[in-house]
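**Student:** Okay, so here is start-v8.txt, and as you'll see once you scroll down, it has compact mmCIF, C-alpha atoms and all ligand atoms.
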# COMPACT_ATOMS: atom_id res chain seq x y z
CA MET J 1 110.41 114.85 78.54
CA ASN J 2 110.28 113.47 82.06
CA ARG J 3 109.00 109.93 82.45
CA VAL J 4 108.04 107.63 85.31
CA VAL J 5 108.43 103.84 85.39
CA ILE J 6 106.82 101.88 88.24
CA VAL J 7 107.27 98.17 89.01
CA VAL J 8 105.16 96.51 91.71
CA CYS J 9 106.21 93.10 93.10
CA ASP J 10 102.89 91.94 94.53
CA SER J 11 103.13 90.95 98.24
CA LEU J 12 106.93 91.23 98.59
CA ARG J 13 107.75 91.98 102.23
CA THR J 14 110.66 94.31 102.96
CA ASP J 15 112.37 91.76 105.20
CA LEU J 16 112.32 89.07 102.49
CA ILE J 17 114.50 91.17 100.19
CA THR J 18 117.84 89.51 100.92
CA PRO J 19 121.06 89.35 98.87
CA ARG J 20 120.55 85.58 98.60
CA ASP J 21 117.02 85.64 97.12
CA ALA J 22 116.85 89.14 95.64
CA PRO J 23 120.38 90.21 94.71
CA PHE J 24 119.28 92.91 92.29
CA LEU J 25 116.70 94.51 94.61
CA SER J 26 119.29 94.44 97.42
CA GLU J 27 121.70 96.38 95.22
CA LEU J 28 118.98 98.69 93.82
CA GLY J 29 117.93 99.52 97.39
CA ARG J 30 121.46 100.65 98.23
CA ARG J 31 121.52 103.13 95.35
CA SER J 32 117.90 104.33 95.75
CA ALA J 33 115.91 106.40 98.18
CA ARG J 34 114.73 103.56 100.43
CA PHE J 35 111.53 104.30 102.39
CA VAL J 36 111.79 102.01 105.42
CA ASN J 37 108.65 103.22 107.20
CA HIS J 38 106.32 102.52 104.29
CA ALA J 39 102.76 101.31 104.86
CA SER J 40 100.00 99.71 102.84
CA VAL J 41 96.33 100.70 103.17
CA PHE J 42 93.45 98.90 104.89
CA PRO J 43 92.21 96.42 103.82
CA SER J 44 95.67 95.46 102.52
CA THR J 45 94.26 93.57 99.53
CA THR J 46 95.79 93.95 96.09
CA ARG J 47 92.77 95.61 94.51
CA THR J 48 92.39 98.17 97.30
CA SER J 49 96.15 98.81 97.28
CA ALA J 50 96.24 99.21 93.49
CA ALA J 51 93.43 101.78 93.61
CA SER J 52 95.32 103.73 96.30
CA ILE J 53 98.56 103.64 94.28
CA ALA J 54 96.72 104.84 91.17
CA THR J 55 94.65 107.59 92.76
CA GLY J 56 96.81 108.78 95.68
CA CYS J 57 93.68 108.41 97.81
CA LEU J 58 92.60 106.28 100.75
CA PRO J 59 89.78 103.73 100.35
CA ALA J 60 87.43 106.25 102.00
CA ARG J 61 87.69 108.28 98.79
CA HIS J 62 88.34 105.77 95.99
CA GLY J 63 85.65 103.46 97.32
CA LEU J 64 87.21 100.06 96.58
CA LEU J 65 86.96 98.52 100.04
CA GLY J 66 88.53 95.12 99.45
CA ASN J 67 88.67 92.11 97.16
CA THR J 68 85.06 91.47 98.21
CA MET J 69 82.36 94.05 98.93
CA ALA J 70 78.68 93.81 99.74
CA LEU J 71 76.33 95.58 97.32
CA ASP J 72 72.59 96.09 97.42
CA GLU J 73 71.35 95.62 93.86
CA GLY J 74 67.70 95.86 94.85
CA ASP J 75 67.26 92.63 96.82
CA GLY J 76 69.34 93.40 99.87
CA LEU J 77 73.04 93.26 100.56
CA VAL J 78 74.99 90.46 98.86
CA CYS J 79 78.72 89.82 99.11
CA LEU J 80 80.44 89.91 95.70
CA SER J 81 83.99 89.60 94.42
CA VAL J 82 85.16 92.94 93.05
CA GLY J 83 86.99 90.93 90.35
CA ARG J 84 83.62 90.21 88.71
CA PRO J 85 82.81 92.01 85.47
CA ASP J 86 80.11 94.13 87.13
CA PHE J 87 82.83 95.73 89.22
CA ARG J 88 84.95 96.68 86.23
CA ASP J 89 83.36 100.09 85.72
CA ARG J 90 83.95 100.91 89.35
CA LEU J 91 87.54 99.72 89.11
CA HIS J 92 88.10 101.81 86.00
CA ARG J 93 86.71 104.90 87.66
CA ALA J 94 89.19 104.36 90.48
CA THR J 95 92.25 103.61 88.39
CA ASP J 96 91.91 105.03 84.89
CA PRO J 97 89.19 107.67 85.05
CA ASP J 98 89.46 108.87 81.47
CA GLY J 99 90.76 105.78 79.69
CA PHE J 100 93.71 107.67 78.20
CA GLY J 101 96.21 104.85 78.24
CA TRP J 102 96.77 101.21 77.47
CA VAL J 103 95.90 98.51 80.00
CA TYR J 104 97.21 94.96 79.47
CA ASN J 105 95.81 92.27 81.73
CA ALA J 106 95.27 88.56 81.20
CA ALA J 107 91.57 89.18 82.00
CA GLY J 108 91.23 91.77 79.21
CA SER J 109 93.32 94.45 77.48
CA TYR J 110 92.27 97.94 76.38
CA GLY J 111 93.59 100.79 74.29
CA PRO J 112 92.87 104.51 74.70
CA GLY J 113 89.18 105.26 75.18
CA ARG J 114 88.87 101.81 76.78
CA GLN J 115 88.64 100.14 73.39
CA PRO J 116 89.08 96.38 73.86
CA LEU J 117 92.22 95.18 72.06
CA PRO J 118 92.03 92.18 69.71
CA ALA J 119 92.95 88.94 71.46
CA GLU J 120 96.28 88.65 69.59
CA ASP J 121 97.32 92.11 70.89
CA GLY J 122 96.29 91.32 74.48
CA LEU J 123 98.28 89.59 77.17
CA GLN J 124 97.70 85.82 77.05
CA ILE J 125 99.52 84.86 80.21
CA GLY J 126 98.83 83.11 83.47
CA LYS J 127 99.88 84.23 86.92
CA GLY J 128 103.28 83.14 88.15
CA ASP J 129 106.90 83.30 87.01
CA ALA J 130 106.43 82.43 83.33
CA GLY J 131 103.65 84.97 82.75
CA ASP J 132 105.49 87.68 84.68
CA THR J 133 108.59 87.19 82.55
CA VAL J 134 106.60 87.39 79.29
CA ALA J 135 104.88 90.56 80.55
CA THR J 136 108.20 92.09 81.64
CA GLU J 137 109.91 91.46 78.31
CA ARG J 138 107.00 92.97 76.43
CA PHE J 139 106.89 95.91 78.87
CA CYS J 140 110.58 96.65 78.27
CA GLU J 141 110.52 96.37 74.48
CA GLU J 142 107.06 97.52 73.46
CA VAL J 143 106.13 99.98 76.20
CA LEU J 144 109.36 101.48 77.54
CA GLN J 145 111.42 101.50 74.35
CA ARG J 146 108.89 101.91 71.53
CA ARG J 147 105.77 103.55 72.92
CA ALA J 148 107.56 105.60 75.62
CA PRO J 149 104.57 106.92 77.60
CA ALA J 150 104.97 109.50 80.39
CA LEU J 151 103.94 106.86 82.93
CA ALA J 152 104.36 103.10 82.60
CA LEU J 153 103.52 100.61 85.33
CA LEU J 154 104.31 96.88 85.46
CA TRP J 155 102.51 94.78 88.07
CA LEU J 156 104.22 91.43 88.74
CA SER J 157 102.04 88.62 90.12
CA GLU J 158 104.96 87.24 92.12
CA PRO J 159 105.69 86.58 94.90
CA ASP J 160 101.96 86.97 95.73
CA TYR J 161 100.74 84.13 93.53
CA THR J 162 103.16 81.56 94.93
CA GLY J 163 102.92 82.97 98.48
CA HIS J 164 99.18 82.19 98.57
CA HIS J 165 99.71 78.46 98.05
CA THR J 166 103.12 77.69 99.52
CA PRO J 167 104.71 78.51 102.89
CA LEU J 168 106.50 81.86 103.05
CA GLY J 169 110.25 81.33 102.80
CA SER J 170 109.85 77.84 101.27
CA PRO J 171 112.02 76.99 98.25
CA ALA J 172 109.10 77.70 95.86
CA HIS J 173 108.36 81.06 97.48
CA ARG J 174 112.02 82.02 97.40
CA ARG J 175 112.20 81.08 93.71
CA ALA J 176 109.22 83.37 93.10
CA ILE J 177 111.03 86.23 94.87
CA ALA J 178 114.14 85.53 92.79
CA ASN J 179 112.08 85.62 89.60
CA ALA J 180 110.49 88.95 90.55
CA ASP J 181 114.00 90.21 91.31
CA ALA J 182 115.19 89.18 87.84
CA ASN J 183 112.23 90.94 86.23
CA VAL J 184 112.92 94.15 88.15
CA ARG J 185 116.53 93.90 86.91
CA ARG J 186 115.30 93.71 83.28
CA VAL J 187 113.23 96.87 83.76
CA ALA J 188 116.00 98.75 85.59
CA GLU J 189 118.52 97.88 82.86
CA THR J 190 116.09 99.10 80.20
CA VAL J 191 115.56 102.34 82.13
CA ALA J 192 119.33 102.80 82.50
CA ALA J 193 119.75 102.40 78.74
CA LEU J 194 117.04 105.02 78.09
CA ASP J 195 118.36 107.56 80.57
CA SER J 196 122.03 107.12 81.39
CA ASP J 197 122.28 110.08 83.80
CA GLY J 198 119.12 109.00 85.65
CA GLU J 199 117.51 112.43 85.85
CA ARG J 200 114.69 112.27 83.32
CA VAL J 201 113.26 108.89 84.26
CA LEU J 202 112.00 108.37 87.81
CA LEU J 203 112.05 104.63 88.63
CA ILE J 204 109.79 103.56 91.49
CA VAL J 205 109.99 99.92 92.60
CA GLY J 206 107.89 98.62 95.46
CA SER J 207 105.19 96.29 96.65
CA ASP J 208 101.56 96.80 97.56
CA HIS J 209 101.60 94.94 100.90
CA GLY J 210 103.30 91.97 102.57
CA MET J 211 101.93 88.69 103.90
CA GLU J 212 101.41 86.82 107.15
CA THR J 213 101.29 83.03 107.56
CA VAL J 214 97.75 81.71 108.06
CA ASP J 215 97.31 79.82 111.33
CA GLU J 216 93.53 79.53 111.75
CA THR J 217 90.40 80.21 109.70
CA ILE J 218 87.49 81.91 111.43
CA ASP J 219 83.98 81.28 110.10
CA LEU J 220 82.49 84.62 111.10
CA ASP J 221 79.16 84.00 109.36
CA ARG J 222 78.65 80.84 111.41
CA LEU J 223 79.70 82.54 114.67
CA LEU J 224 77.24 85.40 114.08
CA ILE J 225 74.40 82.98 113.28
CA GLU J 226 75.14 80.89 116.39
CA ALA J 227 75.15 84.05 118.51
CA GLY J 228 71.73 85.03 117.13
CA LEU J 229 73.21 88.08 115.41
CA LYS J 230 72.62 87.02 111.77
CA ARG J 231 69.49 85.37 110.42
CA GLY J 232 71.11 82.84 108.09
CA ALA J 233 74.03 82.06 105.78
CA THR J 234 72.63 84.13 102.90
CA SER J 235 70.66 86.71 104.93
CA SER J 236 71.27 90.39 104.16
CA ASP J 237 70.75 91.86 107.66
CA VAL J 238 74.52 91.77 108.19
CA VAL J 239 76.86 90.62 105.43
CA VAL J 240 80.49 89.70 106.04
CA ALA J 241 82.85 90.66 103.20
CA PRO J 242 86.00 88.61 103.92
CA ASN J 243 89.31 90.11 102.89
CA GLY J 244 91.93 87.59 103.97
CA THR J 245 93.18 88.62 107.40
CA ALA J 246 90.45 91.28 107.64
CA ALA J 247 86.72 91.61 107.07
CA LEU J 248 84.20 94.37 106.57
CA LEU J 249 80.68 93.97 107.91
CA TYR J 250 77.86 95.58 105.91
CA PHE J 251 74.49 96.31 107.49
CA ALA J 252 71.06 96.59 105.87
CA ASP J 253 69.39 99.95 106.43
CA PRO J 254 68.13 100.65 109.08
CA ALA J 255 70.65 98.67 111.13
CA GLY J 256 69.15 99.73 114.46
CA ALA J 257 70.86 98.16 117.46
CA LEU J 258 72.53 95.38 115.45
CA VAL J 259 75.78 97.31 114.81
CA GLY J 260 76.27 97.89 118.53
CA LYS J 261 75.43 94.28 119.43
CA ILE J 262 77.89 92.88 116.90
CA ALA J 263 80.56 95.38 117.97
CA TRP J 264 80.08 94.18 121.54
CA PHE J 265 80.24 90.53 120.41
CA LEU J 266 83.49 91.17 118.50
CA GLU J 267 84.99 92.90 121.53
CA ALA J 268 84.83 89.58 123.41
CA GLN J 269 86.38 87.41 120.65
CA ASP J 270 89.99 86.38 121.18
CA TRP J 271 90.63 86.04 117.41
CA VAL J 272 89.98 89.74 116.77
CA GLY J 273 93.02 92.01 116.55
CA ARG J 274 91.14 95.32 116.39
CA ALA J 275 87.62 96.30 115.40
CA PHE J 276 86.70 99.72 113.98
CA VAL J 277 83.08 100.75 114.32
CA GLY J 278 81.13 103.69 112.86
CA GLY J 279 83.08 106.96 113.03
CA ARG J 280 86.27 105.12 114.01
CA LEU J 281 86.49 103.65 110.48
CA ALA J 282 87.99 107.00 109.46
CA GLU J 283 91.07 106.18 111.59
CA VAL J 284 92.00 103.48 109.10
CA GLY J 285 91.06 105.35 105.92
CA LEU J 286 87.63 103.78 105.46
CA PRO J 287 84.41 105.65 104.69
CA THR J 288 81.96 106.43 107.47
CA GLY J 289 78.22 106.56 106.94
CA SER J 290 78.13 103.75 104.35
CA ALA J 291 76.64 100.27 104.72
CA ALA J 292 80.09 99.04 105.81
CA GLN J 293 79.87 99.94 109.48
CA ILE J 294 82.43 97.62 111.08
CA ALA J 295 85.92 96.57 109.98
CA VAL J 296 88.00 93.96 111.77
CA THR J 297 91.63 93.06 111.43
CA LEU J 298 92.43 89.64 112.87
CA LYS J 299 94.85 88.76 115.59
CA THR J 300 98.48 88.34 114.60
CA ASP J 301 101.56 87.13 116.43
CA ASP J 302 105.26 87.14 115.67
CA ARG J 303 105.97 83.40 115.78
CA ALA J 304 108.13 82.23 112.88
CA ASN J 305 106.89 79.60 110.41
CA PRO J 306 108.92 76.41 109.64
CA HIS J 307 111.03 78.47 107.20
CA ASP J 308 111.95 81.07 109.83
CA VAL J 309 109.67 83.75 108.40
CA PRO J 310 108.02 85.60 111.31
CA GLY J 311 104.36 86.54 111.57
CA HIS J 312 101.12 84.56 111.75
CA SER J 313 97.52 85.71 111.46
CA HIS J 314 94.05 84.25 111.58
CA ILE J 315 91.92 84.73 108.47
CA ILE J 316 88.19 85.02 107.83
CA ARG J 317 86.60 82.12 105.94
CA ASP J 318 85.68 83.17 102.41
CA SER J 319 82.53 81.34 101.26
CA LEU J 320 83.17 82.57 97.69
CA GLU J 321 86.52 80.73 97.76
CA PRO J 322 86.33 78.19 100.60
CA LYS J 323 89.83 76.67 100.49
CA ASP J 324 92.12 75.73 103.35
CA CYS J 325 95.26 77.86 103.22
CA THR J 326 96.63 77.12 106.68
CA GLY J 327 100.42 77.51 106.64
CA PHE J 328 100.41 79.63 103.46
CA GLY J 329 100.64 83.39 102.98
CA GLN J 330 97.71 85.79 103.22
CA HIS J 331 97.06 89.50 103.75
CA GLY J 332 94.26 92.06 104.04
CA GLY J 333 94.68 93.36 107.58
CA LEU J 334 96.88 95.56 109.67
CA GLY J 335 99.44 92.93 110.79
CA SER J 336 102.97 94.28 111.00
CA ASN J 337 104.28 92.01 108.22
CA GLU J 338 101.42 92.49 105.78
CA GLN J 339 101.85 96.23 106.39
CA ARG J 340 105.52 96.08 105.35
CA PRO J 341 105.66 96.76 101.64
CA PHE J 342 108.96 98.09 100.30
CA LEU J 343 109.52 101.26 98.29
CA PHE J 344 112.62 102.38 96.37
CA ALA J 345 112.81 105.55 94.27
CA SER J 346 115.77 106.30 92.02
CA GLY J 347 116.47 108.91 89.37
CA GLY J 348 114.33 112.02 89.05
CA GLY J 349 116.32 113.87 91.72
CA PHE J 350 115.96 111.25 94.46
CA GLY J 351 119.12 110.94 96.54
CA SER J 352 120.15 107.49 97.72
CA GLY J 353 119.83 106.70 101.41
CA VAL J 354 117.46 105.47 104.07
CA TYR J 355 114.33 107.55 104.55
CA HIS J 356 112.82 107.04 108.01
CA GLY J 357 109.77 109.29 107.65
CA ARG J 358 106.37 107.63 107.26
CA SER J 359 105.25 106.95 103.72
CA SER J 360 102.28 105.15 102.24
CA LEU J 361 100.99 103.78 98.95
CA ILE J 362 98.98 106.99 98.55
CA ASP J 363 102.21 109.03 98.27
CA ILE J 364 103.20 107.36 94.99
CA ALA J 365 100.67 109.11 92.68
CA PRO J 366 101.53 112.65 93.90
CA THR J 367 105.24 111.80 93.50
CA VAL J 368 104.58 110.76 89.90
CA LEU J 369 102.64 113.96 89.18
CA ARG J 370 105.35 116.17 90.68
CA HIS J 371 108.00 114.53 88.48
CA LEU J 372 105.80 115.10 85.41
CA GLY J 373 105.30 118.76 86.36
CA LEU J 374 101.60 118.30 87.14
CA ASP J 375 99.46 119.52 90.04
CA THR J 376 99.40 117.21 93.08
CA ALA J 377 96.54 118.92 94.92
CA GLY J 378 93.41 117.06 95.93
CA MET J 379 94.98 113.72 96.83
CA ASP J 380 95.23 112.20 100.30
CA GLY J 381 98.93 111.44 99.81
CA ARG J 382 101.89 113.81 99.53
CA PRO J 383 104.88 113.73 97.18
CA LEU J 384 107.77 111.78 98.73
CA PRO J 385 110.78 113.79 99.96
CA ARG J 386 113.72 113.58 97.56
CA HIS J 387 116.39 113.72 100.26
CA PRO J 388 116.67 111.83 103.55
CA GLY J 389 116.08 113.80 106.71
ZN ZN K 1 97.48 88.36 97.46
Using structure tokens, write down the structure from this file.
Ligand SMILES: [Zn+2]
**Tutor:**
Amino acid sequence: MNRVVIVVCDSLRTDLITPRDAPFLSELGRRSARFVNHASVFPSTTRTSAASIATGCLPARHGLLGNTMALDEGDGLVCLSVGRPDFRDRLHRATDPDGFGWVYNAAGSYGPGRQPLPAEDGLQIGKGDAGDTVATERFCEEVLQRRAPALALLWLSEPDYTGHHTPLGSPAHRRAIANADANVRRVAETVAALDSDGERVLLIVGSDHGMETVDETIDLDRLLIEAGLKRGATSSDVVVAPNGTAALLYFADPAGALVGKIAWFLEAQDWVGRAFVGGRLAEVGLPTGSAAQIAVTLKTDDRANPHDVPGHSHIIRDSLEPKDCTGFGQHGGLGSNEQRPFLFASGGGFGSGVYHGRSSLIDIAPTVLRHLGLDTAGMDGRPLPRHPG
């Protein structure tokens, strides 16, 4: 039976995979199909990216528009974290529509039919190197060797977790990359032992997005209030849902002239990279005709940080998590470094080499289905080519 094994190294930028910090990934890349023109989705947040990997669809269709979204629960639009329990049903619909499989997460673990697993069977780990290593060892032994499902996916929290509170390229961040590299090696060695000729098991290793270094935090709520374009900090006329280096703006219905006025205001701001308004949201894979009527990605530049890692971006202040992360890594927007995830495919008929054609997170699910002999129709993405050219 054909099988697929996927490992995601959260936030690992292509250009930070070096023989020094990631010796195994460097070697794996040389013997894999290496997709060098691979893009994330927008917003390039982990939850949006994960839903696109799982469904093969853009945010316009899976509906998870960031780590925060504004919802109207009867009293007007309010910005919420999609990590809250009331978003779990929505997340499940996007990622595991029928609850067929097992999901292990430190926040809760489930068996088939979405039955909660007893605490001792769950995954009692924190984010970071130690938890990732525990999860990887269990993934290799319990999932890949014993349970042997058609599709198994391991999501490593590093180097995202460390990248959010240390400078990119710092010794701590490089250690986190090295640890992710070691965990990918454990999985690849397990796969090699299961399938020595490398035809039955398709191994996909990649990241969901990259990171930029934060240089300035923009308090968009305050700017809108000062410009007379928002009534107050908690008003629901326009609600900013911050997503790191990007933000979505939700408007109460009817929005009237407010969308146009705010679009015009944003046009004049030097911290804005690009703004997408109304029908133009479709250009970046976002839904049109919903309460989210404007998306902005903040301005980036290519300056290197003190550790020689290029790329800076402004971020939007997050009142749900108001911490200063200047000098640390962040993502969410369309900056060239946060839009540089890596993708390697090996086994399952993929020839090694550099693939220059455009690929995206949404191409992973159709590639999985093709390898399992299932229909790939109805997704936004397309199966990845198995030979360079
Ligand atoms: Zn992150």
**Student:** Show me which residues line ligand ZN 1 (chain K), defined as having an atom within 12 Å of a ligand atom where all atoms listed in the file count, and present them as a ChimeraX atom specification.
**Tutor:** /J:9-13,43-50,66-67,127,156-165,207-212,243-245,328-333,338
**Student:** Between J:Phe24, J:Trp102, J:Phe251, J:Phe265, which residue has the minimum interatomic distance to J:Asp181, considering all atoms listed in the file?
**Tutor:** J:Phe24
**Student:** Tell me, as a VMD selection string, which residues lie within 12 Å of J:Tyr110, counting all atoms listed in the file; anything in the same chain fewer than 6 positions away does not count.
**Tutor:** chain J and resid 92 96 99 to 104 116 to 119 121 to 123
**Student:** Quick check, in Å to one decimal: how far apart do atom CA of J:Arg200 and atom CA of J:Gly348 lie?
**Tutor:**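 We find that atom CA of J:Arg200 and atom CA of J:Gly348 lie 5.7 Å from each other.
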**Student:** Would you please work out which residue, of J:Lys261, J:His62, J:Arg370, J:Arg20, is nearest to J:Leu286 when using only C-alpha atoms?
**Tutor:**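 The closest residue to J:Leu286 is J:His62.
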**Student:** Which residues are close to J:Ala22, i.e. within 10 Å by all atoms listed in the file, leaving aside same-chain residues fewer than 5 positions away? Reply as an MDAnalysis selection string.
**Tutor:** chainID J and resid 16:17 27:28 174:182 184:185
**Student:** Please produce an output containing C-alpha atoms for each residue in the selection, written as an mmCIF file, in the frame of the given file.
**Tutor:**
data_model
loop_
_atom_site.group_PDB
_atom_site.id
_atom_site.type_symbol
_atom_site.label_atom_id
_atom_site.label_comp_id
_atom_site.auth_asym_id
_atom_site.auth_seq_id
_atom_site.Cartn_x
_atom_site.Cartn_y
_atom_site.Cartn_z
ATOM 1 C CA LEU J 16 112.320 89.070 102.490
ATOM 2 C CA ILE J 17 114.500 91.170 100.190
ATOM 3 C CA GLU J 27 121.700 96.380 95.220
ATOM 4 C CA LEU J 28 118.980 98.690 93.820
ATOM 5 C CA ARG J 174 112.020 82.020 97.400
ATOM 6 C CA ARG J 175 112.200 81.080 93.710
ATOM 7 C CA ALA J 176 109.220 83.370 93.100
ATOM 8 C CA ILE J 177 111.030 86.230 94.870
ATOM 9 C CA ALA J 178 114.140 85.530 92.790
ATOM 10 C CA ASN J 179 112.080 85.620 89.600
ATOM 11 C CA ALA J 180 110.490 88.950 90.550
ATOM 12 C CA ASP J 181 114.000 90.210 91.310
ATOM 13 C CA ALA J 182 115.190 89.180 87.840
ATOM 14 C CA VAL J 184 112.920 94.150 88.150
ATOM 15 C CA ARG J 185 116.530 93.900 86.910
#
**Student:** What is the atom CA of J:Val309-atom CA of J:Asp21 distance in Å, reported with one decimal?
**Tutor:**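 Rounded to one decimal, the two atoms are 13.6 Å apart.
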**Student:** Taking 6 positions as the minimum chain separation for residues in the same chain, which residues sit within 6 Å of stretch 30-37 of chain J when counting only C-alpha atoms? Answer as a PDB file with C-alpha atoms, in the frame of the given file.
**Tutor:**
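Output contents, as saved in result-v1.pdb:
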ATOM      1  CA  LEU J 343     109.520 101.260  98.290  1.00  0.00           C
ATOM      2  CA  PHE J 344     112.620 102.380  96.370  1.00  0.00           C
ATOM      3  CA  ALA J 345     112.810 105.550  94.270  1.00  0.00           C
ATOM      4  CA  SER J 346     115.770 106.300  92.020  1.00  0.00           C
ATOM      5  CA  GLY J 351     119.120 110.940  96.540  1.00  0.00           C
ATOM      6  CA  SER J 352     120.150 107.490  97.720  1.00  0.00           C
ATOM      7  CA  GLY J 353     119.830 106.700 101.410  1.00  0.00           C
ATOM      8  CA  VAL J 354     117.460 105.470 104.070  1.00  0.00           C
ATOM      9  CA  TYR J 355     114.330 107.550 104.550  1.00  0.00           C
ATOM     10  CA  HIS J 356     112.820 107.040 108.010  1.00  0.00           C
ATOM     11  CA  ARG J 358     106.370 107.630 107.260  1.00  0.00           C
TER      12      ARG J 358
END
**Student:** Taking 6 positions as the minimum chain separation for residues in the same chain, which residues sit within 12 Å of J:Glu142 when counting only C-alpha atoms? Answer as a ChimeraX atom specification.
**Tutor:** /J:102,104,121,134-136,148-149,152,190
**Student:** For J:Asp380, which of J:Val7, J:Arg303, J:Thr55, J:Ser26 is the closest residue, counting only C-alpha atoms?
**Tutor:**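 Using only C-alpha atoms, the shortest distance to J:Asp380 belongs to J:Thr55.
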**Student:** I'd like the interatomic distance between atom CA of J:Glu216 and atom CA of J:Ile316, to a tenth of an Å.
**Tutor:**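 Atom CA of J:Glu216 sits 8.6 Å away from atom CA of J:Ile316.
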**Student:** Hey, which of J:Gly389, J:Gly108, J:Pro383, J:Gly169 ends up closest to J:Gly311? Count all atoms listed in the file.
**Tutor:**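 Ranking J:Gly389, J:Gly108, J:Pro383, J:Gly169 by distance to J:Gly311, first place goes to J:Gly169.
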**Student:** Residues within 9 Å of J:Glu199, please, as a VMD selection string. Count all atoms listed in the file; anything in the same chain fewer than 4 positions from it doesn't count.
**Tutor:** chain J and resid 2 195 346 to 350
**Student:** Of the candidates J:Pro306, J:Pro287, J:Gly279, J:Gly126, which shows the shortest atom-to-atom distance to J:Pro171, using only C-alpha atoms?
**Tutor:**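 Checking each of J:Pro306, J:Pro287, J:Gly279, J:Gly126 against J:Pro171, counting only C-alpha atoms, the winner is J:Pro306.
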